[in-house]
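Colleague: Questions regarding the structure given below will be posed in turn.
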Amino acid sequence: MSECAPVSLSTRLTERFGIRTPILSAPMAFAGGGALASAVTGAGGLGLIGGGYGDDTWLDEQWRLAGPSAIGVGFITWSLRKSPALLTAVLRHRPKAVMLSFGDPRPFVDEIRAAGAAIICQCQSLDHVWDAIDIKADVIVAQGTEAGGHGALRGLVSFVPEAADLIRAEAPEAILVAAGGIADGRGLAAALALGAEGVLVGTRFWASREALVHPRHHHAIVEATGDETIRTSVVDIARQIAWPPGFTARVRRNAFTSRWHGHEAALADAIAAEAPRYRQAFVEGDPDNTGVWFGEAAGLIADIQPAAAIVQSMTSDALAILRRLGGQDAPTG
């Protein structure tokens, strides 16, 4: 496909944000910075900077790196409650959207709306979807367990249509987006067929040139299959981050997870020695002794591409599939 021939795929999501393709980049903590968000937006999607655990200096720098691009930001909601001033500071950059995930969004809704940003709520269960409906979220993300990083246990193929039915009945103005295991045009087309109107993509953009990921970790994902991940809490214990019950992280299976998964209490007892080792391994890009944060979509990734190329190929491949299956009723680009 020619890079000078951009394609478009229209849904309510693209209409809501004035974008060409219904692809959002996941606001991945430490990996989804300004360069990646800007590249995704520049290619026709909507890029989101990862708010992480609340580093205002880092966020300001990433916004500077994003330049004038129209982008958004995402927060770990339970962490944001500890530093609510971080939201106030970020809203001065006038993000197009703010995504809230892993906690009650209610404390932040009024401030986000007053700033003119759209509210995106990422959900891992139907109870979370009800919360998003209750606060009248503009976009509701149904995240399947296949996703890299933090999540829960619902599988995408059943969760998305169940969420779609609920949203259609209770909040038809809300826009449903699918996340988890989506890395190419097949995943985008499938998400639309399941009732979503776009996708939130993490692992595929984690494996992009603009992502803030160590080259050794990029090499690890290119070599991995979808079988080589695990959902675990040991990475959070090692980082001494107390995540709420019900959420675990999907990361690469490696020597670290083999040593400690199933032995969480022992890891906690040894944390004085193990936490520094984990942090040093992460800094060095050691793929075996720290968390390598990708999901099951690893098995669909064979190279590290520019984000713009990923957006274009996902869109064009999805269009080809939809046209083949839907004939004249398929979206056009």
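Ordered as shown in the structure tokens, chains take letters A, B, and onward, while each chain numbers its residues from 1 and ligands are numbered from 1 in the order shown.
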Tell me, as a VMD selection string, which residues lie within 12 Å of Pro215 of chain A, counting only C-alpha atoms; anything in the same chain fewer than 2 positions away does not count.

Modeller: chain A and resid 206 to 213 217 to 222 282 to 287 292 303 to 304

Colleague: Set the distance at 12 Å and use only C-alpha atoms: which residues neighbour Ala89 of chain A once local chain neighbours fewer than 4 positions away are removed? I'd like the list as number ranges by chain.

Modeller: A: 51, 54-57, 59-60, 63, 73, 83-85, 93-95, 111-112, 115

Colleague: Mind dumping a table of every segment 93-146 of chain A residue within 10 Å of segment 231-245 of chain A, with the nearest atom pair and its distance in Å to one decimal, using only C-alpha atoms, sorted by chain and rising number, as a tab-separated table?

Modeller:
residue	atom	partner	partner_atom	distance
A:Phe102	CA	A:Pro244	CA	8.3
A:Gly103	CA	A:Pro244	CA	8.7
A:Thr145	CA	A:Arg231	CA	8.6
A:Glu146	CA	A:Arg231	CA	9.2

Colleague: Just give me the gap between atom CA of Gly67 of chain A and atom CA of Met314 of chain A in Å, one decimal is fine.

Modeller: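 Result for atom CA of Gly67 of chain A versus atom CA of Met314 of chain A: 24.7 Å, one decimal.
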
Colleague: Measuring atom to atom with only C-alpha atoms, identify which of A:Ala302, A:Val199, A:Thr88, A:Leu126 is nearest to Ile167 of chain A.

Modeller: A:Leu126

Colleague: Run DSSP on the backbone and tell me which residues of segment 63-308 of chain A come out as helix (DSSP H, G or I); list them as an NGL selection string.

Modeller: :A and (63-66 or 77-80 or 85-91 or 106-114 or 126-134 or 156-170 or 185-194 or 203-206 or 215-223 or 234-239 or 255-260 or 264-269 or 271-284 or 296-300 or 307-308)

Colleague: Excluding Pro27 of chain A and its own-chain neighbours fewer than 3 positions away, which residues fall within 8 Å of it when counting only C-alpha atoms? Please give them as a ChimeraX atom specification.

Modeller: /A:32,47-51,73-75,202

Colleague: Hey, which of A:Val129, A:Leu80, A:Ala307, A:Leu200 ends up closest to Ser25 of chain A? Count only C-alpha atoms.

Modeller: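 Closest candidate: A:Leu200.
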
Colleague: Looking at only C-alpha atoms, which of A:Ala273, A:His214, A:Arg253, A:Ala190 is the one that sits closest to Leu322 of chain A?

Modeller: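 Ranked by minimum distance to Leu322 of chain A, first place goes to A:Ala190.
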
Colleague: Within 6 Å of Gly180 of chain A, counting only C-alpha atoms, which residues qualify if same-chain residues fewer than 2 places away don't, as a list in words?

Modeller: Gln143, Gly144, Glu146, Ala147 and Ile182 of chain A

Colleague: Got time to write the residues from that selection, C-alpha atoms, as a PDB file, in the first residue's frame?

Modeller:
ATOM      1  CA  GLN A 143     -11.384  -4.390  27.095  1.00  0.00           C
ATOM      2  CA  GLY A 144     -10.842  -8.123  26.682  1.00  0.00           C
ATOM      3  CA  GLU A 146      -6.185 -10.625  25.710  1.00  0.00           C
ATOM      4  CA  ALA A 147      -4.846  -7.096  26.195  1.00  0.00           C
ATOM      5  CA  ILE A 182      -6.395  -6.301  18.118  1.00  0.00           C
TER       6      ILE A 182
END

Colleague: Near Val141 of chain A, counting only C-alpha atoms, which residues have an atom at most 9 Å away, once you skip same-chain residues fewer than 3 positions from it, shown as a count of residues only?

Modeller: 15

Colleague: Looking at A:Gly295, A:Pro6, A:Gly181, A:Pro68, which one is nearest to Gly44 of chain A, with distances taken over only C-alpha atoms?

Modeller: A:Pro6

Colleague: Tell me, which residues of segment 86-206 of chain A carry DSSP strand (DSSP E), written as a list in words?

Modeller: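 Checking each residue of segment 86-206 of chain A, the strand (DSSP E) ones are Ala97, Val98, Met99, Leu100, Ser101, Ala118, Ile119, Ile120, Cys121, Gln122, Cys123, Val139, Ile140, Val141, Ala142, Gln143, Gly149, His150, Gly151, Ile175, Leu176, Val177, Ala178, Ala179, Val199, Leu200 and Val201 of chain A.
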
Colleague: Put those residues in a file: C-alpha atoms, as a PDB file, in the first residue's frame.

Modeller:
ATOM      1  CA  ALA A  97     -10.362  13.217  25.130  1.00  0.00           C
ATOM      2  CA  VAL A  98      -9.517  11.900  28.579  1.00  0.00           C
ATOM      3  CA  MET A  99      -9.650   8.161  29.169  1.00  0.00           C
ATOM      4  CA  LEU A 100     -10.292   6.795  32.670  1.00  0.00           C
ATOM      5  CA  SER A 101      -9.731   3.147  33.518  1.00  0.00           C
ATOM      6  CA  ALA A 118     -14.639  13.885  25.612  1.00  0.00           C
ATOM      7  CA  ILE A 119     -14.803  11.232  28.325  1.00  0.00           C
ATOM      8  CA  ILE A 120     -13.626   7.726  27.464  1.00  0.00           C
ATOM      9  CA  CYS A 121     -14.229   4.991  30.047  1.00  0.00           C
ATOM     10  CA  GLN A 122     -12.382   1.711  29.675  1.00  0.00           C
ATOM     11  CA  CYS A 123     -14.362  -1.199  31.099  1.00  0.00           C
ATOM     12  CA  VAL A 139     -16.937   6.539  24.476  1.00  0.00           C
ATOM     13  CA  ILE A 140     -17.033   3.182  26.271  1.00  0.00           C
ATOM     14  CA  VAL A 141     -14.149   0.764  25.735  1.00  0.00           C
ATOM     15  CA  ALA A 142     -14.804  -2.946  26.271  1.00  0.00           C
ATOM     16  CA  GLN A 143     -11.384  -4.390  27.095  1.00  0.00           C
ATOM     17  CA  GLY A 149      -0.803  -4.579  30.571  1.00  0.00           C
ATOM     18  CA  HIS A 150      -3.542  -4.394  33.159  1.00  0.00           C
ATOM     19  CA  GLY A 151      -6.987  -5.856  32.673  1.00  0.00           C
ATOM     20  CA  ILE A 175     -19.901   4.957  21.221  1.00  0.00           C
ATOM     21  CA  LEU A 176     -18.488   1.479  21.871  1.00  0.00           C
ATOM     22  CA  VAL A 177     -14.823   0.701  21.193  1.00  0.00           C
ATOM     23  CA  ALA A 178     -13.128  -2.711  21.468  1.00  0.00           C
ATOM     24  CA  ALA A 179      -9.708  -3.383  22.998  1.00  0.00           C
ATOM     25  CA  VAL A 199     -10.694  -0.080  18.357  1.00  0.00           C
ATOM     26  CA  LEU A 200      -8.226   0.888  21.072  1.00  0.00           C
ATOM     27  CA  VAL A 201      -4.848  -0.611  20.171  1.00  0.00           C
TER      28      VAL A 201
END
